[in-house]
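Encoded as structure tokens, the structure appears first; notes follow it.
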Amino acid sequence: MNNYILEFKDVWKTYHMGEEKINALAGLNLGLENGSFTAVMGPSGSGKSTFLHVAGILDMPDQGVFRINGKETSKLSVKEQARLRRDEIGFIFQRFNLMSQLTALENVMLPMLNEDSSKAREILDRMGLQGKYDKRPSQLSGGEQQRVAIARALINEPSIILADEPTGELDSKNAHSIMKVLRDLNQEDGVSIVVVTHNPTSAQVADHIIHMGDGQIVNGNYIS
Ligand code: ADP
Ligand code: MG
């Protein structure tokens, strides 16, 4: 019995651009174990973001089987998909994707189902943002904004964090500190992490590195 948090079996995702068909995922096979910390590298257009979108139930495969925590997402209702996304998955993006009119605290509380701000404050404190609760994104540095985004991703205690080039907009010092935050979440809290990065130094922080090319994994001994 395997213990995969993410499992892809011959997964295809095709986009249509007029006459042209683009196989963003072209028979992807991959199993990532619960509690793993994986960096994903590969050239632009190799399918890294599409992979994360399927993993995060933001998109469905056209063919093949995808399971998160043993659940095959295409067999779930839209409501069940939404619940799984909310309860199990934290997403972090390159451009932070914070709501500009909301404060740091309000951004973190956005995915919450209640109005109890104590947990949001606790997580912001852990991210080193005590005293910044009431700042809006424009009043924060890039590194601080990404920490708010990480706090928001953590608020519902996800079992996995999916990060799409989270350090792409940051200088090397901030990039390293964001990778360290992810490292700690993995080691101390057991959160599974998948992080797409172009930076080899960032990738080294993960336990293993997978390389994508043309919608497939091009290295590693993963399920097939
Ligand atoms: P990466 O993140 O590695 O740069 P993507 O997953 O974004 O790669 O894209 C893989 C391929 O699929 C690219 O050729 C891209 O142009 C194409 N693609 C991605 N999303 C769409 C979309 N929504 N519509 C059409 N083509 C897309
Ligand atoms: Mg991408």
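Residues in the structure tokens are named by chain (A, B, ... in the order shown) and by number from 1 within that chain; ligands are numbered from 1 in the order shown.
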
Just want the 12 Å neighbourhood of A:Asp87, counted on only C-alpha atoms, with same-chain residues fewer than 2 positions away dropped. Output as a PDB file with C-alpha atoms, in the first residue's frame.
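Dumped everything to result12.pdb:
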ATOM      1  CA  GLY A  56      -4.303  21.804  -6.678  1.00  0.00           C
ATOM      2  CA  ILE A  57      -7.659  20.858  -8.259  1.00  0.00           C
ATOM      3  CA  ASN A  69      -4.495  11.723  -0.652  1.00  0.00           C
ATOM      4  CA  GLU A  80     -16.403  17.989  -2.950  1.00  0.00           C
ATOM      5  CA  GLN A  81     -13.565  19.328  -5.095  1.00  0.00           C
ATOM      6  CA  ALA A  82     -13.979  22.776  -3.572  1.00  0.00           C
ATOM      7  CA  ARG A  83     -13.996  21.360  -0.043  1.00  0.00           C
ATOM      8  CA  LEU A  84     -10.876  19.296  -0.713  1.00  0.00           C
ATOM      9  CA  ARG A  85      -9.145  22.343  -2.175  1.00  0.00           C
ATOM     10  CA  ILE A  89      -4.333  22.523  -0.263  1.00  0.00           C
ATOM     11  CA  GLY A  90      -2.434  25.762   0.197  1.00  0.00           C
ATOM     12  CA  PHE A  91      -1.417  27.642  -2.951  1.00  0.00           C
ATOM     13  CA  PRO A 111     -10.186  31.559   3.385  1.00  0.00           C
ATOM     14  CA  MET A 112     -11.379  31.054   6.988  1.00  0.00           C
ATOM     15  CA  LEU A 113     -14.823  29.773   7.797  1.00  0.00           C
ATOM     16  CA  ALA A 153      -2.095  29.280   2.517  1.00  0.00           C
ATOM     17  CA  LEU A 154      -1.641  27.816   6.020  1.00  0.00           C
ATOM     18  CA  ILE A 155      -4.772  29.111   7.699  1.00  0.00           C
ATOM     19  CA  ASN A 156      -6.858  25.984   7.093  1.00  0.00           C
ATOM     20  CA  GLU A 157      -3.957  23.667   7.981  1.00  0.00           C
ATOM     21  CA  PRO A 158      -3.432  22.102   4.557  1.00  0.00           C
ATOM     22  CA  SER A 159      -1.720  18.758   4.127  1.00  0.00           C
ATOM     23  CA  ILE A 160       0.113  20.069   1.055  1.00  0.00           C
ATOM     24  CA  ILE A 161       1.491  23.393  -0.150  1.00  0.00           C
TER      25      ILE A 161
END

Residues within 7 Å of ligand 2, counting only C-alpha atoms and all ligand atoms, as a compact mmCIF listing (two decimals) with C-alpha atoms, in the first residue's frame:
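selection.txt, freshly written:
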# COMPACT_ATOMS: atom_id res chain seq x y z
CA SER A 44 9.39 27.60 -19.53
CA GLY A 45 6.46 25.85 -21.21
CA GLY A 47 4.12 22.02 -18.01
CA LYS A 48 5.15 22.93 -14.46
CA SER A 49 2.23 25.28 -13.78
CA ASP A 164 4.53 28.21 -8.26

Counting only C-alpha atoms and all ligand atoms, which residues of chain A sit at most 9 Å from some atom of ligand 1, and what is each one's closest atom pair with its distance in Å to one decimal, listed by chain and rising residue number, as a Markdown table?
| residue | atom | partner | partner_atom_place_in_ligand_line | distance |
| --- | --- | --- | --- | --- |
| A:Lys13 | CA | ligand 1 | 12 (O) | 8.5 |
| A:Thr14 | CA | ligand 1 | 12 (O) | 7.5 |
| A:Tyr15 | CA | ligand 1 | 25 (C) | 4.8 |
| A:His16 | CA | ligand 1 | 25 (C) | 6.1 |
| A:Met17 | CA | ligand 1 | 25 (C) | 6.0 |
| A:Lys21 | CA | ligand 1 | 26 (N) | 8.5 |
| A:Ile22 | CA | ligand 1 | 12 (O) | 5.8 |
| A:Asn23 | CA | ligand 1 | 12 (O) | 6.5 |
| A:Ala24 | CA | ligand 1 | 12 (O) | 4.1 |
| A:Leu25 | CA | ligand 1 | 10 (C) | 7.3 |
| A:Met41 | CA | ligand 1 | 3 (O) | 8.2 |
| A:Gly42 | CA | ligand 1 | 3 (O) | 6.4 |
| A:Pro43 | CA | ligand 1 | 3 (O) | 6.0 |
| A:Ser44 | CA | ligand 1 | 4 (O) | 3.6 |
| A:Gly45 | CA | ligand 1 | 8 (O) | 3.5 |
| A:Ser46 | CA | ligand 1 | 3 (O) | 3.9 |
| A:Gly47 | CA | ligand 1 | 6 (O) | 3.2 |
| A:Lys48 | CA | ligand 1 | 3 (O) | 3.7 |
| A:Ser49 | CA | ligand 1 | 2 (O) | 3.7 |
| A:Thr50 | CA | ligand 1 | 6 (O) | 3.7 |
| A:Phe51 | CA | ligand 1 | 6 (O) | 6.4 |
| A:Leu52 | CA | ligand 1 | 6 (O) | 8.1 |
| A:His53 | CA | ligand 1 | 6 (O) | 8.3 |
| A:Asp164 | CA | ligand 1 | 2 (O) | 8.0 |
| A:Glu165 | CA | ligand 1 | 2 (O) | 9.0 |
| A:Val196 | CA | ligand 1 | 2 (O) | 8.3 |
| A:Met212 | CA | ligand 1 | 3 (O) | 7.6 |
| A:Gly213 | CA | ligand 1 | 3 (O) | 8.1 |
| A:Asp214 | CA | ligand 1 | 10 (C) | 7.8 |
| A:Gly215 | CA | ligand 1 | 10 (C) | 7.1 |

| query | Do you know which residues are at most 9 Å from A:Arg95 counting only C-alpha atoms, after dropping those on the same chain fewer than 5 positions away, and could you put them as a ChimeraX atom specification? | reply | /A:142,146,165-166,168-169

Save the residues we just selected, all heavy atoms, as a short mmCIF file (atom, residue, chain, number, x, y, z; two decimals), in the first residue's frame?
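Just written: selection07.cif:
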data_model
loop_
_atom_site.label_atom_id
_atom_site.label_comp_id
_atom_site.auth_asym_id
_atom_site.auth_seq_id
_atom_site.Cartn_x
_atom_site.Cartn_y
_atom_site.Cartn_z
N GLY A 142 8.33 42.85 -0.78
CA GLY A 142 7.98 41.62 -1.50
C GLY A 142 8.08 40.39 -0.61
O GLY A 142 7.20 39.54 -0.60
N GLN A 146 5.01 37.90 0.48
CA GLN A 146 4.99 36.46 0.26
C GLN A 146 4.77 35.71 1.58
O GLN A 146 4.11 34.67 1.60
CB GLN A 146 6.27 35.99 -0.45
CG GLN A 146 6.22 34.59 -1.04
CD GLN A 146 5.11 34.41 -2.08
OE1 GLN A 146 3.91 34.54 -1.78
NE2 GLN A 146 5.49 34.13 -3.31
N GLU A 165 6.77 29.09 -8.40
CA GLU A 165 7.84 30.08 -8.44
C GLU A 165 7.68 31.15 -7.35
O GLU A 165 7.68 32.35 -7.64
CB GLU A 165 7.91 30.74 -9.84
CG GLU A 165 8.14 29.71 -10.94
CD GLU A 165 8.43 30.35 -12.29
OE1 GLU A 165 9.14 31.36 -12.30
OE2 GLU A 165 7.96 29.82 -13.31
N PRO A 166 7.58 30.72 -6.09
CA PRO A 166 7.28 31.68 -5.01
C PRO A 166 8.41 32.67 -4.75
O PRO A 166 8.18 33.71 -4.14
CB PRO A 166 7.08 30.77 -3.78
CG PRO A 166 7.91 29.57 -4.07
CD PRO A 166 7.78 29.36 -5.55
N GLY A 168 10.34 33.87 -7.31
CA GLY A 168 10.68 34.46 -8.61
C GLY A 168 10.77 35.98 -8.62
O GLY A 168 11.48 36.56 -9.44
N GLU A 169 10.06 36.63 -7.70
CA GLU A 169 10.07 38.10 -7.66
C GLU A 169 10.95 38.65 -6.54
O GLU A 169 10.93 39.85 -6.30
CB GLU A 169 8.64 38.60 -7.40
CG GLU A 169 7.59 38.10 -8.36
CD GLU A 169 7.39 39.04 -9.54
OE1 GLU A 169 7.10 40.22 -9.29
OE2 GLU A 169 7.51 38.59 -10.68
#

| task | Please identify all polymer residues within 12 Å of A:Ile178, counting only C-alpha atoms, omitting same-chain residues fewer than 6 positions from it, and present them as a PyMOL selection string. | result | chain A and resi 92+94+127-128+142-151+163+165-172+184-185+195+202-203+205

| request: Please report, as a list in words, each residue of stretch 80-111 of chain A to which DSSP assigns alpha helix (DSSP H) when run on this structure's backbone. | output: Glu80, Gln81, Ala82, Arg83, Leu84, Arg85, Arg86, Asp87, Glu88, Ala104, Leu105, Glu106, Asn107, Val108 and Met109 of chain A

| field | Spatial neighbours of A:Asn2, max dist 10 Å, only C-alpha atoms, sep filter under 5 positions, as a VMD selection string | value | chain A and resid 7 31 to 34 70

| strand (DSSP E) call set, DSSP backbone run, stretch 49-79 of chain A, as a list in words |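 Across stretch 49-79 of chain A, those assigned strand (DSSP E) are Gln63, Gly64, Val65, Phe66, Arg67, Ile68, Lys71 and Glu72 of chain A.
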
Put those residues in a file: N, CA, C and O atoms, as an mmCIF file, in the first residue's frame.
data_model
loop_
_atom_site.group_PDB
_atom_site.id
_atom_site.type_symbol
_atom_site.label_atom_id
_atom_site.label_comp_id
_atom_site.auth_asym_id
_atom_site.auth_seq_id
_atom_site.Cartn_x
_atom_site.Cartn_y
_atom_site.Cartn_z
ATOM 1 N N GLN A 63 -7.122 13.153 -19.604
ATOM 2 C CA GLN A 63 -6.997 11.692 -19.609
ATOM 3 C C GLN A 63 -6.080 11.282 -18.470
ATOM 4 O O GLN A 63 -5.225 12.053 -18.060
ATOM 5 N N GLY A 64 -6.244 10.028 -18.023
ATOM 6 C CA GLY A 64 -5.374 9.510 -16.974
ATOM 7 C C GLY A 64 -6.004 9.696 -15.606
ATOM 8 O O GLY A 64 -7.118 10.193 -15.482
ATOM 9 N N VAL A 65 -5.256 9.263 -14.604
ATOM 10 C CA VAL A 65 -5.760 9.277 -13.232
ATOM 11 C C VAL A 65 -4.910 10.207 -12.387
ATOM 12 O O VAL A 65 -3.682 10.117 -12.396
ATOM 13 N N PHE A 66 -5.577 11.088 -11.674
ATOM 14 C CA PHE A 66 -4.885 11.901 -10.680
ATOM 15 C C PHE A 66 -5.565 11.714 -9.333
ATOM 16 O O PHE A 66 -6.789 11.812 -9.234
ATOM 17 N N ARG A 67 -4.764 11.426 -8.303
ATOM 18 C CA ARG A 67 -5.299 11.303 -6.947
ATOM 19 C C ARG A 67 -4.532 12.204 -5.990
ATOM 20 O O ARG A 67 -3.314 12.329 -6.094
ATOM 21 N N ILE A 68 -5.295 12.823 -5.093
ATOM 22 C CA ILE A 68 -4.665 13.547 -3.991
ATOM 23 C C ILE A 68 -5.133 12.878 -2.710
ATOM 24 O O ILE A 68 -6.342 12.677 -2.521
ATOM 25 N N LYS A 71 -7.655 10.266 -3.204
ATOM 26 C CA LYS A 71 -8.955 10.591 -3.799
ATOM 27 C C LYS A 71 -8.782 11.018 -5.255
ATOM 28 O O LYS A 71 -7.990 11.922 -5.554
ATOM 29 N N GLU A 72 -9.534 10.370 -6.123
ATOM 30 C CA GLU A 72 -9.456 10.711 -7.546
ATOM 31 C C GLU A 72 -10.360 11.912 -7.811
ATOM 32 O O GLU A 72 -11.589 11.823 -7.734
#

| request: Tell me which of A:Ile217, A:Arg152, A:Asp10, A:Lys75 sits closest to A:Met109, counting only C-alpha atoms. | output: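 Of A:Ile217, A:Arg152, A:Asp10, A:Lys75, the one nearest A:Met109, counting only C-alpha atoms, is A:Arg152.
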
| said: To one decimal place in Å, what is the distance between atom CA of A:Lys79 and atom CA of A:Leu162? | reply: 20.7 Å

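For the atom pair formed by atom CA of A:Met99 and atom CA of A:Glu188, the distance is 28.9 Å, given to one decimal.
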
Given only C-alpha atoms, how would the per-residue table for stretch 44-129 of chain A near stretch 135-138 of chain A read, listing every residue at most 9 Å away with its closest atom pair and distance in Å to one decimal, sorted by chain and number, as CSV?
residue,atom,partner,partner_atom,distance
A:Leu98,CA,A:Pro137,CA,6.9
A:Met99,CA,A:Pro137,CA,7.6
A:Ser100,CA,A:Pro137,CA,5.7
A:Gln101,CA,A:Arg136,CA,6.7
A:Leu102,CA,A:Arg136,CA,6.0
A:Thr103,CA,A:Arg136,CA,4.4
A:Ala104,CA,A:Lys135,CA,5.7
A:Leu105,CA,A:Lys135,CA,8.2
